[in-house]
$ cat structure09.txt   # compact mmCIF, C-alpha atoms and all ligand atoms
# COMPACT_ATOMS: atom_id res chain seq x y z
CA MET Y 1 14.85 1.98 -17.66
CA SER Y 2 17.38 3.68 -15.49
CA TYR Y 3 17.87 1.06 -12.81
CA GLN Y 4 21.06 -0.94 -12.74
CA THR Y 5 20.84 -4.58 -13.75
CA GLU Y 6 20.42 -6.90 -10.81
CA ASP Y 7 21.66 -10.35 -11.60
CA TYR Y 8 22.54 -11.55 -8.14
CA PRO Y 9 19.34 -11.79 -6.11
CA ASP Y 10 21.12 -14.19 -3.74
CA ARG Y 11 22.78 -11.13 -2.25
CA VAL Y 12 19.48 -9.93 -0.84
CA GLU Y 13 19.72 -12.39 2.00
CA PHE Y 14 23.24 -11.18 2.66
CA LEU Y 15 22.04 -7.58 2.73
CA SER Y 16 19.26 -8.33 5.20
CA PHE Y 17 21.47 -10.36 7.51
CA ASP Y 18 24.72 -8.39 7.10
CA ASP Y 19 25.87 -8.06 10.71
CA ARG Y 20 28.69 -5.57 10.15
CA PRO Y 21 28.17 -2.55 12.41
CA LEU Y 22 26.28 0.38 10.90
CA ARG Y 23 29.35 2.63 11.28
CA ARG Y 24 31.54 0.30 9.25
CA ARG Y 25 28.93 -0.01 6.54
CA ILE Y 26 28.55 3.75 6.19
CA ASP Y 27 32.32 4.30 6.25
CA SER Y 28 32.69 1.93 3.31
CA VAL Y 29 30.53 3.92 0.88
CA ASP Y 30 31.11 7.07 -1.17
CA THR Y 31 30.98 10.41 0.63
CA TYR Y 32 27.77 11.63 -1.06
CA SER Y 33 25.78 8.54 -0.04
CA ALA Y 34 27.36 8.47 3.41
CA GLY Y 35 26.42 12.13 3.97
CA ILE Y 36 22.76 11.46 3.17
CA LEU Y 37 22.70 8.51 5.56
CA GLU Y 38 24.47 10.42 8.35
CA ARG Y 39 22.00 13.28 8.10
CA ALA Y 40 19.02 10.90 8.02
CA LEU Y 41 20.26 9.25 11.20
CA GLU Y 42 20.38 12.68 12.80
CA GLY Y 43 16.74 13.27 11.81
CA LEU Y 44 17.10 15.17 8.53
CA ARG Y 45 14.90 13.70 5.83
CA PRO Y 46 16.58 13.27 2.41
CA SER Y 47 15.63 15.73 -0.33
CA VAL Y 48 13.99 14.52 -3.53
CA GLU Y 49 17.35 14.41 -5.34
CA GLU Y 50 18.94 12.52 -2.47
CA GLY Y 51 16.00 10.11 -2.32
CA ALA Y 52 16.33 9.39 -6.03
CA HIS Y 53 20.00 8.64 -5.49
CA LEU Y 54 19.25 6.27 -2.61
CA VAL Y 55 16.85 4.24 -4.76
CA THR Y 56 19.72 3.46 -7.16
CA LEU Y 57 22.07 2.10 -4.50
CA ARG Y 58 23.12 -1.52 -4.86
CA GLY Y 59 25.59 -3.93 -3.27
CA ASN Y 60 27.71 -2.49 -0.48
CA ALA Y 61 26.09 0.96 -0.61
CA LEU Y 62 22.66 -0.63 -0.40
CA SER Y 63 23.81 -2.55 2.64
CA ALA Y 64 24.59 0.76 4.36
CA LEU Y 65 21.21 2.21 3.36
CA VAL Y 66 19.40 -0.88 4.65
CA ALA Y 67 21.29 -0.68 7.95
CA ALA Y 68 20.46 3.01 8.36
CA ALA Y 69 16.77 2.36 7.65
CA ASP Y 70 16.77 -0.49 10.11
CA ARG Y 71 18.34 1.69 12.82
CA ILE Y 72 15.83 4.50 12.21
CA ARG Y 73 12.96 2.01 12.30
CA ARG Y 74 14.22 0.61 15.60
CA ASP Y 75 14.71 4.07 17.14
CA ASP Y 76 11.35 5.42 15.94
CA VAL Y 77 8.93 2.50 16.26
CA GLY Y 78 10.79 -0.31 18.02
CA ASP Y 79 11.05 -3.99 17.23
CA VAL Y 80 7.37 -4.85 17.03
CA VAL Y 81 6.09 -5.86 13.60
CA THR Y 82 2.34 -5.56 13.31
CA TYR Y 83 -0.19 -7.35 11.15
CA VAL Y 84 -3.96 -7.16 10.74
CA VAL Y 85 -6.38 -10.05 10.38
CA ASN Y 86 -8.52 -8.91 7.49
CA ARG Y 87 -10.71 -10.17 4.69
CA ASN Y 88 -10.29 -8.78 1.20
CA VAL Y 89 -13.37 -8.74 -0.99
CA ASN Y 90 -12.93 -7.80 -4.65
CA TRP Y 91 -16.64 -8.02 -5.38
CA THR Y 92 -16.51 -7.29 -9.10
CA ASN Y 93 -13.80 -7.53 -11.72
CA ILE Y 94 -15.86 -5.79 -14.37
CA CYS Y 95 -14.03 -2.62 -15.34
CA PHE Y 96 -13.83 -0.37 -18.38
CA VAL Y 97 -10.76 1.65 -17.40
CA GLY Y 98 -8.17 -0.60 -19.05
CA CYS Y 99 -5.04 0.06 -16.97
CA LYS Y 100 -2.13 -1.60 -18.71
CA PHE Y 101 -0.62 -2.90 -15.48
CA CYS Y 102 -3.82 -4.66 -14.43
CA ALA Y 103 -4.70 -8.24 -15.23
CA PHE Y 104 -7.60 -8.33 -12.78
CA ALA Y 105 -10.19 -6.43 -14.78
CA HIS Y 106 -12.50 -7.87 -17.45
CA LEU Y 107 -15.15 -6.43 -19.71
CA LYS Y 108 -18.70 -7.50 -18.93
CA THR Y 109 -18.74 -9.72 -22.01
CA SER Y 110 -15.79 -11.82 -20.83
CA GLU Y 111 -16.58 -15.29 -19.53
CA LEU Y 112 -14.22 -14.50 -16.65
CA ALA Y 113 -16.22 -11.43 -15.54
CA TYR Y 114 -18.04 -11.56 -12.21
CA ASP Y 115 -20.15 -9.21 -10.12
CA HIS Y 116 -20.97 -10.77 -6.77
CA PRO Y 117 -24.37 -9.85 -5.36
CA ILE Y 118 -24.48 -8.21 -1.94
CA ASP Y 119 -25.55 -11.44 -0.21
CA SER Y 120 -22.49 -13.17 -1.52
CA VAL Y 121 -20.26 -10.30 -0.31
CA LEU Y 122 -21.84 -10.54 3.14
CA ALA Y 123 -21.26 -14.30 3.21
CA ARG Y 124 -17.57 -13.79 2.41
CA ILE Y 125 -17.24 -11.21 5.16
CA ARG Y 126 -19.04 -13.45 7.64
CA GLU Y 127 -16.59 -16.23 6.83
CA GLY Y 128 -13.73 -13.80 7.43
CA ILE Y 129 -15.10 -12.73 10.80
CA GLU Y 130 -15.45 -16.37 11.82
CA ARG Y 131 -11.75 -16.69 11.09
CA GLY Y 132 -10.95 -13.68 13.26
CA ALA Y 133 -11.05 -10.76 10.82
CA THR Y 134 -11.37 -7.32 12.39
CA GLU Y 135 -11.44 -5.54 9.03
CA VAL Y 136 -12.94 -5.96 5.59
CA CYS Y 137 -11.13 -4.37 2.68
CA MET Y 138 -13.41 -3.84 -0.33
CA GLN Y 139 -12.31 -2.68 -3.75
CA GLY Y 140 -13.67 -3.61 -7.14
CA GLY Y 141 -13.47 -2.81 -10.82
CA ILE Y 142 -15.11 0.32 -12.20
CA ASN Y 143 -18.31 -1.24 -13.46
CA PRO Y 144 -20.11 1.04 -15.97
CA GLU Y 145 -23.43 -0.59 -15.12
CA MET Y 146 -23.28 0.06 -11.39
CA ASP Y 147 -26.24 2.01 -10.01
CA SER Y 148 -25.37 5.57 -9.07
CA ASP Y 149 -25.81 4.71 -5.39
CA GLY Y 150 -24.11 1.32 -5.72
CA TYR Y 151 -21.21 2.11 -3.40
CA PHE Y 152 -23.59 3.49 -0.77
CA GLU Y 153 -25.85 0.47 -0.98
CA LEU Y 154 -23.00 -1.98 -0.47
CA LEU Y 155 -21.71 -0.05 2.53
CA ARG Y 156 -25.14 0.14 4.13
CA ALA Y 157 -25.57 -3.60 3.77
CA VAL Y 158 -22.16 -4.39 5.26
CA ARG Y 159 -22.57 -1.92 8.11
CA GLY Y 160 -26.07 -3.20 8.82
CA ALA Y 161 -24.92 -6.80 9.00
CA PHE Y 162 -21.68 -6.18 10.89
CA PRO Y 163 -22.03 -3.13 13.17
CA LYS Y 164 -18.57 -3.48 14.75
CA LEU Y 165 -16.49 -4.42 11.74
CA HIS Y 166 -13.94 -1.92 10.43
CA ILE Y 167 -14.82 -1.12 6.82
CA HIS Y 168 -11.85 -0.12 4.71
CA ALA Y 169 -13.09 0.51 1.22
CA TYR Y 170 -13.05 2.38 -2.09
CA SER Y 171 -9.93 3.73 -3.68
CA PRO Y 172 -9.76 7.32 -4.95
CA MET Y 173 -10.61 5.91 -8.40
CA GLU Y 174 -13.87 4.50 -7.06
CA VAL Y 175 -14.63 7.76 -5.25
CA TYR Y 176 -13.89 9.68 -8.45
CA TYR Y 177 -16.28 7.49 -10.41
CA GLY Y 178 -18.95 7.28 -7.71
CA ALA Y 179 -18.98 11.05 -7.17
CA ARG Y 180 -19.40 11.63 -10.91
CA ARG Y 181 -22.24 9.13 -11.13
CA SER Y 182 -23.94 10.75 -8.13
CA ALA Y 183 -23.31 14.32 -9.27
CA MET Y 184 -21.75 15.17 -5.91
CA ASP Y 185 -18.49 16.91 -5.10
CA TYR Y 186 -15.80 14.87 -3.34
CA PRO Y 187 -16.35 16.13 0.22
CA GLU Y 188 -20.09 15.60 -0.11
CA TYR Y 189 -19.64 12.13 -1.56
CA ILE Y 190 -17.15 11.08 1.11
CA ARG Y 191 -19.45 12.40 3.85
CA GLU Y 192 -22.21 10.21 2.47
CA LEU Y 193 -19.89 7.18 2.28
CA LYS Y 194 -19.02 7.80 5.90
CA ALA Y 195 -22.67 8.09 6.88
CA CYS Y 196 -23.23 4.71 5.21
CA GLY Y 197 -20.52 3.07 7.30
CA LEU Y 198 -17.11 3.77 5.75
CA ASP Y 199 -14.26 3.94 8.26
CA THR Y 200 -11.09 4.30 6.21
CA MET Y 201 -10.03 4.28 2.55
CA PRO Y 202 -7.20 2.60 0.69
CA GLY Y 203 -4.84 5.12 -0.86
CA THR Y 204 -4.53 2.95 -3.94
CA ALA Y 205 -4.93 4.09 -7.55
CA ALA Y 206 -1.80 6.10 -6.84
CA GLU Y 207 0.57 3.98 -8.93
CA ILE Y 208 3.16 6.69 -9.61
CA LEU Y 209 1.84 10.20 -9.02
CA ASP Y 210 3.23 11.64 -12.23
CA ASP Y 211 0.89 12.39 -15.12
CA GLY Y 212 3.42 11.44 -17.79
CA VAL Y 213 3.79 7.96 -16.30
CA ARG Y 214 0.06 7.68 -15.60
CA GLU Y 215 -0.77 8.48 -19.22
CA ILE Y 216 1.17 5.41 -20.33
CA LEU Y 217 -0.07 3.16 -17.52
CA SER Y 218 -3.72 4.14 -17.85
CA HIS Y 219 -4.85 7.23 -19.70
CA LYS Y 220 -8.47 6.87 -18.48
CA LYS Y 221 -7.55 6.92 -14.83
CA LEU Y 222 -7.82 9.91 -12.53
CA ASP Y 223 -4.85 12.25 -12.79
CA THR Y 224 -2.43 13.18 -10.02
CA ALA Y 225 -4.22 16.39 -9.01
CA THR Y 226 -7.54 14.57 -8.69
CA TRP Y 227 -5.98 11.78 -6.62
CA VAL Y 228 -4.55 14.39 -4.29
CA ARG Y 229 -7.85 16.29 -4.12
CA ILE Y 230 -9.79 13.17 -3.15
CA ILE Y 231 -7.23 12.10 -0.54
CA ARG Y 232 -7.18 15.56 1.00
CA ALA Y 233 -10.99 15.62 1.01
CA ALA Y 234 -11.08 12.26 2.80
CA HIS Y 235 -8.64 13.46 5.45
CA ALA Y 236 -10.58 16.68 5.90
CA GLU Y 237 -13.76 14.66 6.42
CA GLY Y 238 -12.10 12.56 9.13
CA VAL Y 239 -11.52 9.49 6.94
CA PRO Y 240 -7.91 8.30 7.25
CA THR Y 241 -6.35 6.62 4.24
CA THR Y 242 -3.34 4.50 3.53
CA SER Y 243 -0.80 5.64 0.98
CA THR Y 244 0.68 3.42 -1.71
CA MET Y 245 3.04 3.44 -4.65
CA MET Y 246 3.46 0.92 -7.46
CA TYR Y 247 7.11 0.62 -8.51
CA GLY Y 248 9.23 -1.57 -10.76
CA HIS Y 249 7.63 -0.76 -14.13
CA LEU Y 250 8.55 2.22 -16.29
CA GLU Y 251 9.16 4.82 -13.61
CA THR Y 252 12.59 6.28 -12.84
CA PRO Y 253 14.17 6.71 -9.39
CA MET Y 254 13.24 10.40 -9.58
CA HIS Y 255 9.56 9.50 -10.05
CA ILE Y 256 9.74 7.38 -6.90
CA ALA Y 257 11.36 10.15 -4.87
CA ARG Y 258 8.89 12.75 -6.10
CA HIS Y 259 5.99 10.45 -5.31
CA ILE Y 260 7.19 9.99 -1.73
CA ASP Y 261 7.81 13.72 -1.45
CA LEU Y 262 4.24 14.46 -2.54
CA LEU Y 263 2.90 12.06 0.08
CA ARG Y 264 4.94 13.66 2.82
CA SER Y 265 3.78 17.14 1.83
CA ILE Y 266 0.15 15.98 2.12
CA GLN Y 267 0.89 14.34 5.45
CA LEU Y 268 2.43 17.51 6.80
CA ASP Y 269 -0.87 19.28 6.14
CA THR Y 270 -3.43 16.62 7.06
CA GLY Y 271 -1.84 13.88 9.19
CA GLY Y 272 -4.38 11.56 7.59
CA PHE Y 273 -2.13 8.82 6.18
CA THR Y 274 -1.95 5.79 8.39
CA GLU Y 275 0.84 3.99 6.57
CA PHE Y 276 2.85 3.77 3.38
CA VAL Y 277 2.77 0.60 1.29
CA PRO Y 278 5.21 0.34 -1.63
CA LEU Y 279 3.79 -2.26 -4.01
CA ARG Y 280 6.04 -4.06 -6.47
CA PHE Y 281 4.60 -4.21 -10.01
CA ILE Y 282 3.65 -7.78 -10.96
CA TRP Y 283 4.32 -7.90 -14.68
CA GLN Y 284 3.60 -11.42 -15.90
CA GLU Y 285 0.06 -11.21 -17.25
CA THR Y 286 -0.12 -7.49 -18.03
CA LYS Y 287 -0.46 -5.50 -21.24
CA LEU Y 288 2.53 -3.41 -20.21
CA PHE Y 289 4.70 -6.49 -20.55
CA ALA Y 290 2.89 -7.97 -23.55
CA GLU Y 291 3.34 -4.70 -25.47
CA GLY Y 292 7.03 -4.55 -24.62
CA LEU Y 293 6.69 -1.39 -22.52
CA VAL Y 294 8.49 -2.83 -19.50
CA THR Y 295 11.51 -5.00 -18.92
CA PRO Y 296 11.01 -7.06 -15.78
CA ILE Y 297 13.36 -6.08 -12.98
CA PRO Y 298 14.51 -8.99 -10.80
CA GLN Y 299 13.12 -8.99 -7.31
CA GLY Y 300 15.48 -8.17 -4.50
CA GLN Y 301 17.73 -5.18 -4.38
CA LEU Y 302 15.30 -2.69 -5.88
CA ASP Y 303 12.69 -3.69 -3.31
CA LEU Y 304 15.04 -3.22 -0.38
CA ALA Y 305 16.20 0.12 -1.78
CA VAL Y 306 12.61 1.39 -2.15
CA TYR Y 307 11.61 0.34 1.37
CA ALA Y 308 14.73 1.74 2.99
CA THR Y 309 14.51 5.03 1.08
CA SER Y 310 10.86 5.33 2.11
CA ARG Y 311 11.76 4.93 5.78
CA LEU Y 312 14.31 7.73 5.51
CA MET Y 313 12.18 10.12 3.46
CA LEU Y 314 9.05 9.68 5.56
CA ARG Y 315 10.75 9.76 8.94
CA GLY Y 316 8.54 11.35 11.58
CA LEU Y 317 5.67 11.78 9.12
CA ILE Y 318 4.48 8.31 8.17
CA ASP Y 319 6.05 5.92 10.63
CA ASN Y 320 4.20 2.78 9.56
CA LEU Y 321 5.93 1.20 6.57
CA GLN Y 322 4.25 -1.93 5.28
CA THR Y 323 5.84 -4.69 3.25
CA SER Y 324 3.70 -6.81 0.90
CA TRP Y 325 3.88 -10.61 1.04
CA VAL Y 326 1.39 -10.67 -1.83
CA LYS Y 327 3.74 -8.86 -4.18
CA LEU Y 328 7.11 -10.07 -2.90
CA GLY Y 329 6.33 -13.58 -1.69
CA HIS Y 330 6.94 -14.74 1.86
CA GLU Y 331 10.72 -15.02 1.62
CA LEU Y 332 11.48 -11.55 0.31
CA ALA Y 333 8.75 -9.92 2.40
CA SER Y 334 10.43 -11.35 5.50
CA LEU Y 335 13.83 -10.08 4.41
CA SER Y 336 12.41 -6.65 3.70
CA LEU Y 337 11.59 -6.28 7.38
CA ALA Y 338 15.30 -5.57 7.78
CA ALA Y 339 15.05 -2.61 5.40
CA GLY Y 340 12.87 -0.34 7.53
CA CYS Y 341 9.46 -2.05 7.56
CA ASN Y 342 7.42 -2.39 10.75
CA ASP Y 343 4.22 -3.91 9.37
CA ILE Y 344 3.62 -7.04 7.32
CA GLY Y 345 0.09 -6.31 6.14
CA GLY Y 346 -2.94 -8.50 6.45
CA THR Y 347 -4.07 -12.08 6.15
CA LEU Y 348 -6.34 -11.00 3.25
CA MET Y 349 -8.02 -14.40 2.71
CA GLU Y 350 -8.73 -13.37 -0.91
CA GLU Y 351 -6.62 -11.18 -3.11
CA SER Y 352 -7.52 -11.62 -6.74
CA ILE Y 353 -5.75 -8.60 -8.17
CA SER Y 354 -2.15 -9.68 -7.73
CA ARG Y 355 -2.93 -13.32 -8.46
CA GLU Y 356 -4.46 -12.44 -11.83
CA ALA Y 357 -1.32 -10.49 -12.69
CA GLY Y 358 0.90 -13.47 -11.96
CA ALA Y 359 1.87 -13.21 -8.29
CA ASP Y 360 2.21 -16.62 -6.72
CA ALA Y 361 2.18 -15.95 -2.98
CA GLY Y 362 -1.40 -17.16 -2.65
CA GLU Y 363 -4.48 -15.43 -1.36
CA TYR Y 364 -4.19 -16.11 2.32
CA THR Y 365 -1.43 -16.09 4.86
CA SER Y 366 -2.54 -17.17 8.31
CA ALA Y 367 -1.74 -15.11 11.38
CA GLU Y 368 0.54 -17.97 12.52
CA GLU Y 369 2.52 -17.83 9.26
CA LEU Y 370 2.87 -14.06 9.52
CA GLN Y 371 4.09 -14.44 13.09
CA ALA Y 372 6.68 -17.02 11.99
CA MET Y 373 7.92 -14.72 9.20
CA ILE Y 374 8.35 -11.91 11.74
CA GLN Y 375 10.07 -14.07 14.35
CA ARG Y 376 12.50 -15.41 11.76
CA MET Y 377 13.76 -11.82 11.47
CA ARG Y 378 14.18 -11.68 15.27
CA ARG Y 379 11.30 -9.25 15.66
CA VAL Y 380 8.20 -9.21 17.81
CA PRO Y 381 4.82 -9.97 16.16
CA ARG Y 382 1.70 -8.17 17.30
CA GLN Y 383 -1.80 -8.19 15.88
CA ARG Y 384 -3.21 -4.70 15.42
CA ASN Y 385 -6.49 -3.16 14.42
CA THR Y 386 -6.81 -1.13 11.25
CA LEU Y 387 -5.71 2.07 12.97
CA TYR Y 388 -2.58 0.48 14.43
CA GLY Y 389 -4.10 0.24 17.88
CA SER Y 390 -4.72 -2.80 20.03
CA ILE Y 391 -7.30 -5.23 18.66
CA ASP Y 392 -9.32 -4.61 21.82
CA GLU Y 393 -9.79 -0.99 20.84
CA ASP Y 394 -12.91 -0.12 18.91
CA ASP Y 395 -11.96 1.16 15.48
CA GLY Y 396 -15.11 -0.03 13.78
CA PRO Y 397 -18.22 2.06 13.30
CA PRO Y 398 -17.58 5.67 12.41
CA SER Y 399 -19.94 7.19 14.94
CA GLY Y 400 -18.09 9.32 17.45
CA ARG Y 401 -14.78 8.73 15.76
CA ALA Y 402 -14.59 11.48 13.21
CA GLY Y 403 -11.45 13.51 13.42
CA SER Y 404 -9.92 11.32 16.06
CA GLY Y 405 -7.47 8.45 15.86
CA ALA Y 406 -5.29 8.66 12.81
CA LEU Y 407 -5.97 12.22 12.00
CA ALA Y 408 -5.53 13.55 15.47
CA HIS Y 409 -2.22 11.77 15.95
CA GLY Y 410 -0.83 12.15 12.49
CA ARG Y 411 -0.42 8.49 11.62
CA PRO Y 412 -2.48 5.19 11.98
CA ALA Y 413 -4.12 2.97 9.36
CA VAL Y 414 -4.84 -0.08 7.13
CA ALA Y 415 -3.70 -2.92 5.02
CA THR Y 416 -4.43 -3.64 1.46
CA ALA Y 417 -2.39 -5.25 -1.20
CA SER Y 418 -4.72 -4.32 -4.01
CA VAL Y 419 -3.68 -2.16 -6.87
CA HIS Y 420 -6.53 -0.11 -8.29
S1 LIG J 501 -6.46 -1.14 -11.82
FE1 LIG J 501 -8.58 -0.77 -11.17
S2 LIG J 501 -9.32 0.83 -12.60
FE2 LIG J 501 -7.49 -0.07 -13.54
S3 LIG J 501 -8.26 -1.68 -14.92
FE3 LIG J 501 -7.73 -2.66 -12.93
S4 LIG J 501 -9.64 -2.67 -11.79
FE4 LIG J 501 -9.90 -1.19 -13.46
$ encode --input "structure09.txt" --output "structure tokens" --more "lines below"
Ligand code: SF4
Amino acid sequence: MSYQTEDYPDRVEFLSFDDRPLRRRIDSVDTYSAGILERALEGLRPSVEEGAHLVTLRGNALSALVAAADRIRRDDVGDVVTYVVNRNVNWTNICFVGCKFCAFAHLKTSELAYDHPIDSVLARIREGIERGATEVCMQGGINPEMDSDGYFELLRAVRGAFPKLHIHAYSPMEVYYGARRSAMDYPEYIRELKACGLDTMPGTAAEILDDGVREILSHKKLDTATWVRIIRAAHAEGVPTTSTMMYGHLETPMHIARHIDLLRSIQLDTGGFTEFVPLRFIWQETKLFAEGLVTPIPQGQLDLAVYATSRLMLRGLIDNLQTSWVKLGHELASLSLAAGCNDIGGTLMEESISREAGADAGEYTSAEELQAMIQRMRRVPRQRNTLYGSIDEDDGPPSGRAGSGALAHGRPAVATASVH
């Protein structure tokens, strides 16, 4: 592990509330770091090598990075912090893939395995809508017994029951599996998903987009090139996606920087990413930890460094940077708003994946709680729709929307805290 040891998480609060002027903070750090920050403030995105360096900053130098990210966030997207009222539905936890970072999945024979029927999924969504949800986020395990048209059938049922709901569903891993089962290529499969009601896709299953790391995390999962191919196909078919990254396990700072660089190169071509969501690895109940493959990294400084570096590296390309209360807990998620974030995610109402892995932030944060977290950081809360527009705007059914919205404007998007 090449991160420095962090044994003073109490300093995180200091970093987020440090009120020394930006100039003084930059002047107090080494010339290499200061140069990167100066150039970023002028609009020059850090290179991969510079990004990897930024991720390692701690203490006083991290304070300068956080301040620069906060200034860029304010200049580029203002003081509003958005959130979405959504309902997560993880309809099955049956999965054969065996990712070592995942404590959500079970084999069919496990007494903890479940596979909710469609009626039960619809009931959960209905409950979410009654509580104000404008979006459903659906992801599940890779169930070897699923019918070849299983993903289509679920979408048709949800779209039929809720014509105006925004359906955000199916990670690239699910598309990979579904396309294979249906003997379709990715564009064809995604077109059919869209015809069945899909609006947007989570850009999960990304973890770290490096095949060496992926081989250790989950050798049965789709590789980097396939992830990229599916994401590009979705964007080309007019289906925006989020982008994510799981950090804090066995990756190095260079892996993080290269991952962000890959995302920005895709975004330059397609404009189809709506947001970037760095997701802290939750280690407690995972095989990675049980097998001694990871040493837990204390929460705090690494998280702020990853968020702030992301803001600098993605400047002008992916302007929506989402923190995760599910992964970080309410306290740290609030503090991370000072490190470049402008979105706090969704209410979720059910998020089994992180809970199974040991996260303790709960499965639901009300809109009122999210607003309070935002206001505590002296920012302005605003509910958004999935595509970062006003909740009065229609971002639901796909008809008439292809190629517009996110893709046309090179940003928008969605909230999910799931790891796939
Ligand atoms: S992360 Fe997704 S694909 Fe991997 S084991 Fe868990 S549910 Fe299965």
$ closest_residue --input "structure09.txt" --among "Y:Leu222, Y:Leu293, Y:Leu321, Y:Leu263" --to "ligand LIG 501 (chain J)" --atoms "only C-alpha atoms and all ligand atoms"
Y:Leu222
$ closest_atom_pairs --input "structure09.txt" --of "chain Y" --to "ligand LIG 501 (chain J)" --cutoff "10 Å" --atoms "all atoms listed in the file" --output "Markdown table"
| residue | atom | partner | partner_atom | distance |
| --- | --- | --- | --- | --- |
| Y:Asn90 | CA | J:LIG501 | S4 | 9.4 |
| Y:Thr92 | CA | J:LIG501 | S4 | 8.7 |
| Y:Asn93 | CA | J:LIG501 | S4 | 6.4 |
| Y:Ile94 | CA | J:LIG501 | S4 | 7.4 |
| Y:Cys95 | CA | J:LIG501 | FE4 | 4.8 |
| Y:Phe96 | CA | J:LIG501 | FE4 | 6.4 |
| Y:Val97 | CA | J:LIG501 | S3 | 4.8 |
| Y:Gly98 | CA | J:LIG501 | S3 | 4.3 |
| Y:Cys99 | CA | J:LIG501 | S3 | 4.2 |
| Y:Lys100 | CA | J:LIG501 | S3 | 7.2 |
| Y:Phe101 | CA | J:LIG501 | S1 | 7.1 |
| Y:Cys102 | CA | J:LIG501 | FE3 | 4.6 |
| Y:Ala103 | CA | J:LIG501 | FE3 | 6.8 |
| Y:Phe104 | CA | J:LIG501 | FE3 | 5.7 |
| Y:Ala105 | CA | J:LIG501 | S4 | 4.8 |
| Y:His106 | CA | J:LIG501 | S3 | 7.9 |
| Y:Leu107 | CA | J:LIG501 | S3 | 9.6 |
| Y:Gln139 | CA | J:LIG501 | S4 | 8.5 |
| Y:Gly140 | CA | J:LIG501 | S4 | 6.2 |
| Y:Gly141 | CA | J:LIG501 | S4 | 4.0 |
| Y:Ile142 | CA | J:LIG501 | FE4 | 5.6 |
| Y:Asn143 | CA | J:LIG501 | FE4 | 8.4 |
| Y:Ser171 | CA | J:LIG501 | FE1 | 8.8 |
| Y:Met173 | CA | J:LIG501 | S2 | 6.7 |
| Y:Glu174 | CA | J:LIG501 | S2 | 8.1 |
| Y:Tyr177 | CA | J:LIG501 | S2 | 9.9 |
| Y:Thr204 | CA | J:LIG501 | FE1 | 9.1 |
| Y:Ala205 | CA | J:LIG501 | S1 | 6.9 |
| Y:Ala206 | CA | J:LIG501 | S1 | 9.9 |
| Y:Glu207 | CA | J:LIG501 | S1 | 9.2 |
| Y:Leu217 | CA | J:LIG501 | FE2 | 9.0 |
| Y:Ser218 | CA | J:LIG501 | FE2 | 7.1 |
| Y:His219 | CA | J:LIG501 | FE2 | 9.9 |
| Y:Lys220 | CA | J:LIG501 | S2 | 8.5 |
| Y:Lys221 | CA | J:LIG501 | S2 | 6.7 |
| Y:Leu222 | CA | J:LIG501 | S2 | 9.2 |
| Y:Ile353 | CA | J:LIG501 | FE3 | 7.9 |
| Y:Ser418 | CA | J:LIG501 | S1 | 8.6 |
| Y:Val419 | CA | J:LIG501 | S1 | 5.8 |
| Y:His420 | CA | J:LIG501 | FE1 | 3.6 |
$ residues_around --input "structure09.txt" --residues "Y:Ile344" --least-positions-apart "6" --cutoff "12 Å" --atoms "all atoms listed in the file" --output "PyMOL selection string"
chain Y and resi 80-85+275-278+320-330+332-338+365-367+369-375+377+379-384+414-417
$ residues_around --input "structure09.txt" --residues "Y:Tyr247" --least-positions-apart "4" --cutoff "10 Å" --atoms "all atoms listed in the file" --output "list in words"
Glu207, Ile208, Glu251, Thr252, Pro253, His255, Ile256, Pro278, Leu279, Arg280, Phe281, Ile282, Leu302, Asp303 and Val306 of chain Y
$ closest_residue --input "structure09.txt" --among "Y:Asp319, Y:Asp211, Y:Asp18, Y:Glu363" --to "Y:Ile72" --atoms "all atoms listed in the file"
Y:Asp319
$ closest_atom_pairs --input "structure09.txt" --of "stretch 260-326 of chain Y" --to "stretch 46-70 of chain Y" --cutoff "8 Å" --atoms "all atoms listed in the file" --output "Markdown table"
| residue | atom | partner | partner_atom | distance |
| --- | --- | --- | --- | --- |
| Y:Asp261 | CA | Y:Val48 | CA | 6.6 |
| Y:Gln301 | CA | Y:Arg58 | CA | 6.5 |
| Y:Leu302 | CA | Y:Val55 | CA | 7.2 |
| Y:Leu304 | CA | Y:Val66 | CA | 7.1 |
| Y:Ala305 | CA | Y:Val55 | CA | 5.1 |
| Y:Val306 | CA | Y:Val55 | CA | 5.7 |
| Y:Ala308 | CA | Y:Ala69 | CA | 5.1 |
| Y:Thr309 | CA | Y:Leu54 | CA | 6.1 |
| Y:Arg311 | CA | Y:Ala69 | CA | 5.9 |
| Y:Leu312 | CA | Y:Ala69 | CA | 6.3 |
| Y:Met313 | CA | Y:Pro46 | CA | 5.5 |
$ write_last_selection --input "structure09.txt" --atoms "C-alpha atoms" --output "tab-separated table (two decimals), keeping the file's coordinate frame"
chain	number	residue	atom	x	y	z
Y	261	ASP	CA	7.81	13.72	-1.45
Y	301	GLN	CA	17.73	-5.18	-4.38
Y	302	LEU	CA	15.30	-2.69	-5.88
Y	304	LEU	CA	15.04	-3.22	-0.38
Y	305	ALA	CA	16.20	0.12	-1.78
Y	306	VAL	CA	12.61	1.39	-2.15
Y	308	ALA	CA	14.73	1.74	2.99
Y	309	THR	CA	14.51	5.03	1.08
Y	311	ARG	CA	11.76	4.93	5.78
Y	312	LEU	CA	14.31	7.73	5.51
Y	313	MET	CA	12.18	10.12	3.46
$ closest_residue --input "structure09.txt" --among "Y:Asp199, Y:Glu285, Y:Asp343, Y:Glu13" --to "Y:Arg159" --atoms "only C-alpha atoms"
Y:Asp199
$ atom_distance --input "structure09.txt" --atom1 "atom CA of Y:Arg25" --atom2 "atom CA of Y:Ala40"
14.8 Å
$ residues_around --input "structure09.txt" --residues "stretch 166-168 of chain Y" --least-positions-apart "5" --cutoff "7 Å" --atoms "only C-alpha atoms" --output "PyMOL selection string"
chain Y and resi 134-138+198-202+395-397
